[in-house]
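Chemist: Quick one: the structure is below, questions incoming.
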Amino acid sequence: MKSVNTIVIFLITFGYEVIYNDAPVLWQTGFQDPATPVMEGIINLHHDFIFFFILIFVFVLWILLRAIYFFNSRVNKVAINYSHGTLIELIWTIIPIMILMTIAVPSFALLYSIDEIINPAVTVKAVGHQWYWSYEYSDYIGENGEIINFDSYIIPEEDLEIGQFRLLEVDNRIIVPVNTHVRVIVTSADVIHSWAVPSLGVKCDGIPGRLNQISLFIKREGVYYGQCSELCGVNHGFIPIVVEAVPLDNYIDWIQKKLYA
Amino acid sequence: MESLSTAPRDERFPHTNQTRNCWVRYVEWKLCEEKHGEEESECKKFGRWARALCPVDWIERWDEQRANGTFPGPSGESS
Ligand SMILES: [Cu+2]
């Protein structure tokens with residue numbers, strides 16, 4: 001995302017307000033703006049792949065049009081009676097192999113970097129239910145054994161306020177600190193769900209009886225929207241995910257308030 | 001509040017699947033308590049790590065099973 005960052009810095013320098021796109025927009029065909037190194041990597045990988053896709057698309061289209069134009073029954077009254085050519089088959093086997101191997105290199109590099117777990121400072125547990133998410137912040141225990149544990153339900157359409165997103169807003173957001181390694185443990189209490197936030201570049205199945213781990217490193221403050229991404233029943237489309245990334249001090253304040261409220 | 005800390009990365013569980021990590025931390029915690037008592041600081045540390053990784057429901061269920069003698073894992077009396 002070098003180019004986007006350059007544009008953003010340019011705009012800020014000249015006094016423009018920059019608003020990142022962390023929720024879907026109408027008729028969107030591209031990505032939401034990245035907020036984690038992982039999502040930056042995914043977008044860059046996509047753009048690198050598109051370079052090869054365009055080359056292949058243009059080449060195949062050219063071959064196809066040439067074949068249609070030059071080799072039709074009008075021009076060639078007598079059909080050619082051979083159907084095999086060793087050289088051309090070698091060429092059209094080996095070149096695709098080379099292309100696939102070339103694009104596999106950055107793909108694996110990204111895959112393994114996503115799996116890399118750096119010692120986290122915060123653990124958040126996300127538990128899928130039919131049909132809401134519940135979150136646990138079990139790193140903190142109050143003096144009388146209080147724990148932070150809450151449910152996150154969708155805000156129904158009739159309760160939305162101006163500026164809120166339909167089908168994406170929840171009553172209790174999860175708060176995480178920016179520039180901090182956060183571990184998210186995803187699981188489920190009933191059927192399979194999937195905890196996904198596009199701007200953060202994460203999508204992780206929540207499976208009953210199993211704990212899946214993903215890591216977040218959010219680079220800027222913001223409110224990030226996501227949805228359950230594994231068909232989990234009739235209200236599958238109505239259990240959104242909202243992650244609010246705040247400075248570390250605000251996070252600690254929030255934890256204090258939650259513990260002793 | 002203590003400074004931000006949570007269960008550290010564990011070389012034994014380098015994968016996405018952390019189910020065993022939670023289980024092992026829970027068992028370590030309870031064995032430690034049986035051996036050294038609940039007030040031991042090492043045991044409290046294991047407890048923090050286990051609670052960080054394991055869902056509240058799981059810990060409640062295992063605690064119940066330990067109380068009933070139906071816990072499937074190792075415990076002080078059996079080992
Ligand atoms: Cu779901």
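Starting from 1 in every chain, residues are counted up; chains themselves are A, B, ... following the order of the structure tokens, and ligands are numbered from 1 as listed.
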Compute the set of protein, DNA and RNA residues whose minimum atom distance to ligand 1 is at most 12 Å, using only C-alpha atoms and all ligand atoms, and state it as a ChimeraX atom specification.
Modeler: /A:126-134,186-196,204-208,226-241
Chemist: Can you check which residues of chain A have any atom within 10 Å of chain B? Use only C-alpha atoms and format it as a ChimeraX atom specification.
Modeler: /A:115-127,135-143,147,149,182-189,204,209-215,248,252,255-256
Chemist: With only C-alpha atoms as the counted atoms, please give the residues lying no more than 8 Å from stretch 23-36 of chain B, apart from itself and same-chain residues fewer than 5 positions off, as an mmCIF file with N, CA, C and O atoms, in the first residue's frame.
Modeler:
```cif
data_model
loop_
_atom_site.group_PDB
_atom_site.id
_atom_site.type_symbol
_atom_site.label_atom_id
_atom_site.label_comp_id
_atom_site.auth_asym_id
_atom_site.auth_seq_id
_atom_site.Cartn_x
_atom_site.Cartn_y
_atom_site.Cartn_z
ATOM 1 N N GLU B 42 3.742 -18.768 41.491
ATOM 2 C CA GLU B 42 3.873 -19.499 40.236
ATOM 3 C C GLU B 42 2.518 -20.049 39.780
ATOM 4 O O GLU B 42 2.160 -19.983 38.608
ATOM 5 N N CYS B 43 1.768 -20.569 40.741
ATOM 6 C CA CYS B 43 0.467 -21.138 40.408
ATOM 7 C C CYS B 43 -0.487 -20.052 39.927
ATOM 8 O O CYS B 43 -1.270 -20.265 39.002
ATOM 9 N N LYS B 44 -0.396 -18.884 40.571
ATOM 10 C CA LYS B 44 -1.246 -17.775 40.146
ATOM 11 C C LYS B 44 -0.931 -17.372 38.712
ATOM 12 O O LYS B 44 -1.816 -17.040 37.937
ATOM 13 N N PHE B 46 0.292 -19.392 36.342
ATOM 14 C CA PHE B 46 -0.312 -20.403 35.472
ATOM 15 C C PHE B 46 -1.811 -20.171 35.338
ATOM 16 O O PHE B 46 -2.392 -20.359 34.276
ATOM 17 N N GLY B 47 -2.417 -19.781 36.464
ATOM 18 C CA GLY B 47 -3.852 -19.510 36.454
ATOM 19 C C GLY B 47 -4.194 -18.380 35.502
ATOM 20 O O GLY B 47 -5.147 -18.462 34.734
ATOM 21 N N TRP B 49 -2.490 -17.434 32.903
ATOM 22 C CA TRP B 49 -2.285 -17.873 31.526
ATOM 23 C C TRP B 49 -3.403 -18.796 31.065
ATOM 24 O O TRP B 49 -3.867 -18.711 29.926
ATOM 25 N N ALA B 50 -3.838 -19.670 31.948
ATOM 26 C CA ALA B 50 -4.917 -20.589 31.581
ATOM 27 C C ALA B 50 -6.201 -19.814 31.314
ATOM 28 O O ALA B 50 -6.906 -20.069 30.335
ATOM 29 N N ARG B 51 -6.485 -18.842 32.196
ATOM 30 C CA ARG B 51 -7.712 -18.059 31.996
ATOM 31 C C ARG B 51 -7.639 -17.200 30.740
ATOM 32 O O ARG B 51 -8.657 -16.929 30.103
ATOM 33 N N CYS B 54 -8.273 -20.082 27.854
ATOM 34 C CA CYS B 54 -9.447 -20.942 27.871
ATOM 35 C C CYS B 54 -10.728 -20.126 28.042
ATOM 36 O O CYS B 54 -10.766 -19.214 28.862
ATOM 37 N N ILE B 59 -13.418 -23.592 31.593
ATOM 38 C CA ILE B 59 -12.813 -23.662 32.928
ATOM 39 C C ILE B 59 -13.870 -24.064 33.958
ATOM 40 O O ILE B 59 -13.628 -24.916 34.817
ATOM 41 N N GLY B 73 -8.539 -35.422 32.807
ATOM 42 C CA GLY B 73 -7.098 -35.187 32.773
ATOM 43 C C GLY B 73 -6.413 -35.618 34.054
ATOM 44 O O GLY B 73 -7.063 -36.116 34.969
ATOM 45 N N PRO B 74 -5.080 -35.423 34.135
ATOM 46 C CA PRO B 74 -4.344 -35.813 35.335
ATOM 47 C C PRO B 74 -4.694 -34.908 36.508
ATOM 48 O O PRO B 74 -4.982 -33.731 36.338
ATOM 49 N N SER B 75 -4.686 -35.466 37.686
ATOM 50 C CA SER B 75 -4.844 -34.645 38.884
ATOM 51 C C SER B 75 -4.003 -35.282 39.982
ATOM 52 O O SER B 75 -3.530 -36.410 39.844
ATOM 53 N N GLY B 76 -3.783 -34.539 41.056
ATOM 54 C CA GLY B 76 -2.868 -34.971 42.111
ATOM 55 C C GLY B 76 -3.149 -36.343 42.669
ATOM 56 O O GLY B 76 -2.245 -37.131 42.868
#
```
Chemist: Determine which residues of chain B DSSP labels as helix (DSSP H, G or I) from the backbone of this structure, then write them out as a VMD selection string.
Modeler: chain B and resid 19 to 36 41 to 53 56 to 68
Chemist: Restrict the selected residues to C-alpha atoms and save them as a PDB file, in the first residue's frame.
Modeler:
```pdb
ATOM      1  CA  THR B  19      -6.935 -26.025  22.072  1.00  0.00           C
ATOM      2  CA  ARG B  20      -4.101 -28.075  23.600  1.00  0.00           C
ATOM      3  CA  ASN B  21      -2.331 -24.933  24.796  1.00  0.00           C
ATOM      4  CA  CYS B  22      -5.361 -24.029  26.913  1.00  0.00           C
ATOM      5  CA  TRP B  23      -5.703 -27.584  28.183  1.00  0.00           C
ATOM      6  CA  VAL B  24      -2.052 -27.912  29.157  1.00  0.00           C
ATOM      7  CA  ARG B  25      -2.098 -24.535  30.926  1.00  0.00           C
ATOM      8  CA  TYR B  26      -5.205 -25.517  32.865  1.00  0.00           C
ATOM      9  CA  VAL B  27      -3.729 -28.855  33.946  1.00  0.00           C
ATOM     10  CA  GLU B  28      -0.415 -27.211  34.919  1.00  0.00           C
ATOM     11  CA  TRP B  29      -2.334 -24.661  36.949  1.00  0.00           C
ATOM     12  CA  LYS B  30      -4.371 -27.197  38.869  1.00  0.00           C
ATOM     13  CA  LEU B  31      -1.444 -29.571  39.472  1.00  0.00           C
ATOM     14  CA  CYS B  32       0.584 -26.619  40.746  1.00  0.00           C
ATOM     15  CA  GLU B  33      -2.205 -25.642  43.137  1.00  0.00           C
ATOM     16  CA  GLU B  34      -2.474 -29.184  44.445  1.00  0.00           C
ATOM     17  CA  LYS B  35       1.247 -29.317  45.048  1.00  0.00           C
ATOM     18  CA  HIS B  36       2.016 -25.818  46.303  1.00  0.00           C
ATOM     19  CA  SER B  41       2.787 -17.008  42.914  1.00  0.00           C
ATOM     20  CA  GLU B  42       3.873 -19.499  40.236  1.00  0.00           C
ATOM     21  CA  CYS B  43       0.467 -21.138  40.408  1.00  0.00           C
ATOM     22  CA  LYS B  44      -1.246 -17.775  40.146  1.00  0.00           C
ATOM     23  CA  LYS B  45       0.787 -17.095  37.013  1.00  0.00           C
ATOM     24  CA  PHE B  46      -0.312 -20.403  35.472  1.00  0.00           C
ATOM     25  CA  GLY B  47      -3.852 -19.510  36.454  1.00  0.00           C
ATOM     26  CA  ARG B  48      -3.637 -16.168  34.639  1.00  0.00           C
ATOM     27  CA  TRP B  49      -2.285 -17.873  31.526  1.00  0.00           C
ATOM     28  CA  ALA B  50      -4.917 -20.589  31.581  1.00  0.00           C
ATOM     29  CA  ARG B  51      -7.712 -18.059  31.996  1.00  0.00           C
ATOM     30  CA  ALA B  52      -6.255 -15.968  29.165  1.00  0.00           C
ATOM     31  CA  LEU B  53      -6.456 -18.898  26.756  1.00  0.00           C
ATOM     32  CA  VAL B  56     -14.770 -19.170  30.845  1.00  0.00           C
ATOM     33  CA  ASP B  57     -17.269 -21.967  30.125  1.00  0.00           C
ATOM     34  CA  TRP B  58     -14.509 -24.531  29.641  1.00  0.00           C
ATOM     35  CA  ILE B  59     -12.813 -23.662  32.928  1.00  0.00           C
ATOM     36  CA  GLU B  60     -16.148 -23.826  34.757  1.00  0.00           C
ATOM     37  CA  ARG B  61     -16.882 -27.219  33.243  1.00  0.00           C
ATOM     38  CA  TRP B  62     -13.462 -28.622  34.145  1.00  0.00           C
ATOM     39  CA  ASP B  63     -13.663 -27.220  37.675  1.00  0.00           C
ATOM     40  CA  GLU B  64     -17.031 -28.928  38.062  1.00  0.00           C
ATOM     41  CA  GLN B  65     -15.632 -32.208  36.759  1.00  0.00           C
ATOM     42  CA  ARG B  66     -12.697 -31.986  39.162  1.00  0.00           C
ATOM     43  CA  ALA B  67     -15.112 -31.437  42.026  1.00  0.00           C
ATOM     44  CA  ASN B  68     -17.172 -34.451  40.935  1.00  0.00           C
TER      45      ASN B  68
END
```
Chemist: DSSP on the backbone, then: every residue of stretch 5-145 of chain A marked strand (DSSP E), written as a list in words.
Modeler: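 Filtering stretch 5-145 of chain A down to strand (DSSP E) leaves Val122, Thr123, Val124, Lys125, Ala126, Val127, Gly128, His129, Tyr132, Trp133, Ser134, Tyr135, Glu136, Tyr137, Ser138, Asp139, Tyr140 and Ile141 of chain A.
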Chemist: Which distance in Å separates atom CA of A:Phe150 and atom CA of A:Asp22, to one decimal?
Modeler: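 About the pair atom CA of A:Phe150 and atom CA of A:Asp22: they are 23.6 Å apart.
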